[in-house]
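Visitor: Pasting a structure here, questions to come.
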Amino acid sequence: MKKTGRKSVRRKGFAVTIDEVASLAKVSPMTVSRVINGHSKVRDTTRERVMQAVQELGYIPNLAASSLAAAQDARIALIYTNPSAAYLRELLLGALHSAARAAAQLVIDDWDELDAGGERKAARALARGVAGVILPPPLCESKAVIEELVGAGVPVVAIASGRFNHDISSVRIDDFLASKEVTDYLIKMGHTRIGFIKGHPNQTASTRRYEGYQAALKDAGIAPDAALVQQGYFTYRSALPAVEKLLALRKPPTAIFASNDDMAAAAISVAHRRGLDVPRDLSIVGFDDTSAATTVWPELTTVRQPISTMADSALEILLRTIRRKENDTKVVVDQVVAHQLILRDSVAAPAPAGKSPGG
């Protein structure tokens, strides 16, 4: 009878387990998993020994279990405190789409009720259970949160931060340039009295958008008027009194630039309540191109910030960073994506002299 060099230890009627492969190859089950999933950090001699054991035992990897294990290794958190429902919808759609495609686990949590101390504590706890974190505004600029996560060695990607932070990766647009372009457009249409509603002061993007507005006025030789600038907080309700103040001026603006679509929608509502026609009596523009821009009448001229695509890109950057982390290489990415001025029906040339937007 012909003898083989090694007797097969495969059991009839039972599926071979990864532990049996590990035992035969004299390695740990984790090493077997790394070999099967193609990890590079395994010595060639070890890889050969594992593959020989796999072949000898007739081991068939459980692909579903492998996918689940990979998902566990890529458990990504998306933490938000953003007040805009339209913005959040776009953000979550992009992140969920990317997570499903990459078989990653996406953990979503709302930190709305937390103060700075609470955020730091929550970040510390979060760092122990995830492989990476996506931070949209305003959390992407929380020093406490970033310090805790970076200190724990957790990769972080900021979405829509107004400026690049060298400690974490980011996906953003150029808020200054986008704001300047939309203000330039209003000026080109003939507007010289342009009201501006600021975004929340806790976000750098708010500052950059205001700076873009100011730069456009300066380039056009239009003197700044402090009365034409009102504070908002990126919510519909916060913009209502801001718009009322602008339209109550002795010389009200002929156009209003709101720092996001929610606040621009509020401007349209106030205009309608005052009996003004938009855009014949008052032009209004927003920012972000969320669903709010097309659910009002007239539909908003706005800046398209590709929020869903940005969330998708953020998750891809995180997954690359997590894989790279195995090689102890830290790379911080600053991805600036293109914005777009979307022209709709809420802008026209200023009303003829003598017709007051304030009614």
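Each chain in the structure tokens gets a letter, A, B and so on, in the order shown; residues start at 1 in every chain, and ligands are counted from 1 in the order they appear.
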Per residue of range 213-319 of chain A within 7 Å of range 83-103 of chain A, what are the shortest atom pair and its distance in Å to one decimal, counting only C-alpha atoms, with rows by chain and residue number, as CSV?

Guide:
```
residue,atom,partner,partner_atom,distance
A:Phe234,CA,A:Ser84,CA,7.0
A:Thr235,CA,A:Ser84,CA,6.3
A:Thr290,CA,A:Ala86,CA,5.7
A:Ser291,CA,A:Ala86,CA,5.9
A:Ala292,CA,A:Ala86,CA,6.3
A:Ile307,CA,A:Leu91,CA,5.6
A:Ser308,CA,A:Gly94,CA,4.0
A:Thr309,CA,A:Gly94,CA,5.8
A:Ala311,CA,A:Gly94,CA,5.0
A:Asp312,CA,A:Gly94,CA,4.8
A:Leu315,CA,A:Ser98,CA,6.6
```

Visitor: Write out as a tab-separated table a residue-level contact list of range 231-339 of chain A versus range 122-137 of chain A with cut-off 7 Å: for each qualifying residue the closest pair of atoms and the distance in Å to one decimal, counting only C-alpha atoms, rows sorted by chain and residue number upward.

Guide:
```
residue	atom	partner	partner_atom	distance
A:Ala314	CA	A:Ile134	CA	6.9
A:Leu318	CA	A:Gly132	CA	6.2
A:Ile322	CA	A:Ala131	CA	6.9
```

Visitor: To one decimal in Å, tell me the separation between CA of Leu300 in chain A and CA of Ser313 in chain A.

Guide: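 Pair CA of Leu300 in chain A / CA of Ser313 in chain A returns 26.4 Å.
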
Visitor: Using Å and a single decimal, report how far CA of Val156 in chain A sits from CA of Lys198 in chain A.

Guide: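 Distance between the two atoms: 27.5 Å.
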
Visitor: Calculated over only C-alpha atoms, which of the candidates A:Gly212, A:Pro201, A:Gly232, A:Gly195 has the smallest distance to Met263 in chain A?

Guide: A:Gly232

Visitor: To test your reading of the structure, identify every residue in range 15-263 of chain A that backbone DSSP assigns to helix (DSSP H, G or I), and report it as JSON, numbers by chain.

Guide: {"A": [18, 19, 20, 21, 22, 23, 24, 25, 29, 30, 31, 32, 33, 34, 35, 36, 44, 45, 46, 47, 48, 49, 50, 51, 52, 53, 54, 55, 56, 57, 63, 64, 65, 66, 67, 68, 69, 70, 71, 72, 73, 85, 86, 87, 88, 89, 90, 91, 92, 93, 94, 95, 96, 97, 98, 99, 100, 101, 102, 116, 117, 118, 119, 120, 121, 122, 123, 124, 125, 126, 127, 139, 140, 141, 143, 144, 145, 146, 147, 148, 149, 150, 151, 175, 176, 177, 178, 179, 180, 181, 182, 183, 184, 185, 186, 187, 188, 204, 205, 206, 207, 208, 209, 210, 211, 212, 213, 214, 215, 216, 217, 218, 219, 226, 227, 228, 236, 237, 238, 239, 240, 241, 242, 243, 244, 245, 246, 247, 261, 262, 263]}

Visitor: Counting only C-alpha atoms, which residue out of A:Leu341, A:Leu24, A:Ala267, A:Val35 sits closest to Ala242 in chain A?

Guide: A:Ala267

Visitor: To one decimal place, how far is CA of Lys245 in chain A from CA of Gln230 in chain A in Å?

Guide: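 Straight-line distance from CA of Lys245 in chain A to CA of Gln230 in chain A works out to 7.9 Å.
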
Visitor: Could you list, as a ChimeraX atom specification, every residue within 8 Å of range 303-305 of chain A, counting only C-alpha atoms and ignoring same-chain residues fewer than 4 positions away?

Guide: /A:173,178-179,182,286-290,338-342

Visitor: Keeping only N, CA and C atoms, write the selected residues as a compact mmCIF listing (two decimals), in the first residue's frame.

Guide:
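The result, stored in selection.txt:
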```txt
# COMPACT_ATOMS: atom_id res chain seq x y z
N ILE A 173 -15.12 71.83 1.42
CA ILE A 173 -15.08 72.73 0.27
C ILE A 173 -14.33 74.00 0.69
N ALA A 178 -16.52 79.84 -2.23
CA ALA A 178 -17.93 79.60 -2.58
C ALA A 178 -18.80 80.79 -2.21
N SER A 179 -18.57 81.35 -1.03
CA SER A 179 -19.35 82.50 -0.58
C SER A 179 -19.06 83.73 -1.44
N VAL A 182 -21.00 83.40 -4.81
CA VAL A 182 -22.44 83.66 -4.79
C VAL A 182 -22.70 85.15 -4.56
N GLY A 286 -29.11 80.84 -0.70
CA GLY A 286 -28.74 80.01 0.44
C GLY A 286 -27.36 79.39 0.25
N PHE A 287 -27.14 78.30 0.97
CA PHE A 287 -25.84 77.62 0.91
C PHE A 287 -26.04 76.16 1.33
N ASP A 288 -25.48 75.23 0.61
CA ASP A 288 -25.43 73.78 0.86
C ASP A 288 -26.16 72.97 -0.20
N ASP A 289 -27.27 73.49 -0.75
CA ASP A 289 -28.11 72.76 -1.69
C ASP A 289 -28.63 71.47 -1.08
N THR A 290 -29.22 71.60 0.11
CA THR A 290 -29.90 70.48 0.75
C THR A 290 -31.32 70.39 0.19
N ALA A 338 -14.95 70.07 -4.97
CA ALA A 338 -15.50 71.20 -5.73
C ALA A 338 -16.92 71.54 -5.28
N HIS A 339 -17.19 72.83 -5.20
CA HIS A 339 -18.56 73.30 -4.96
C HIS A 339 -19.14 73.77 -6.28
N GLN A 340 -20.42 74.13 -6.28
CA GLN A 340 -21.07 74.56 -7.51
C GLN A 340 -22.16 75.57 -7.20
N LEU A 341 -22.20 76.64 -7.95
CA LEU A 341 -23.27 77.63 -7.80
C LEU A 341 -24.48 77.13 -8.60
N ILE A 342 -25.58 76.90 -7.89
CA ILE A 342 -26.79 76.38 -8.52
C ILE A 342 -27.79 77.52 -8.68
```
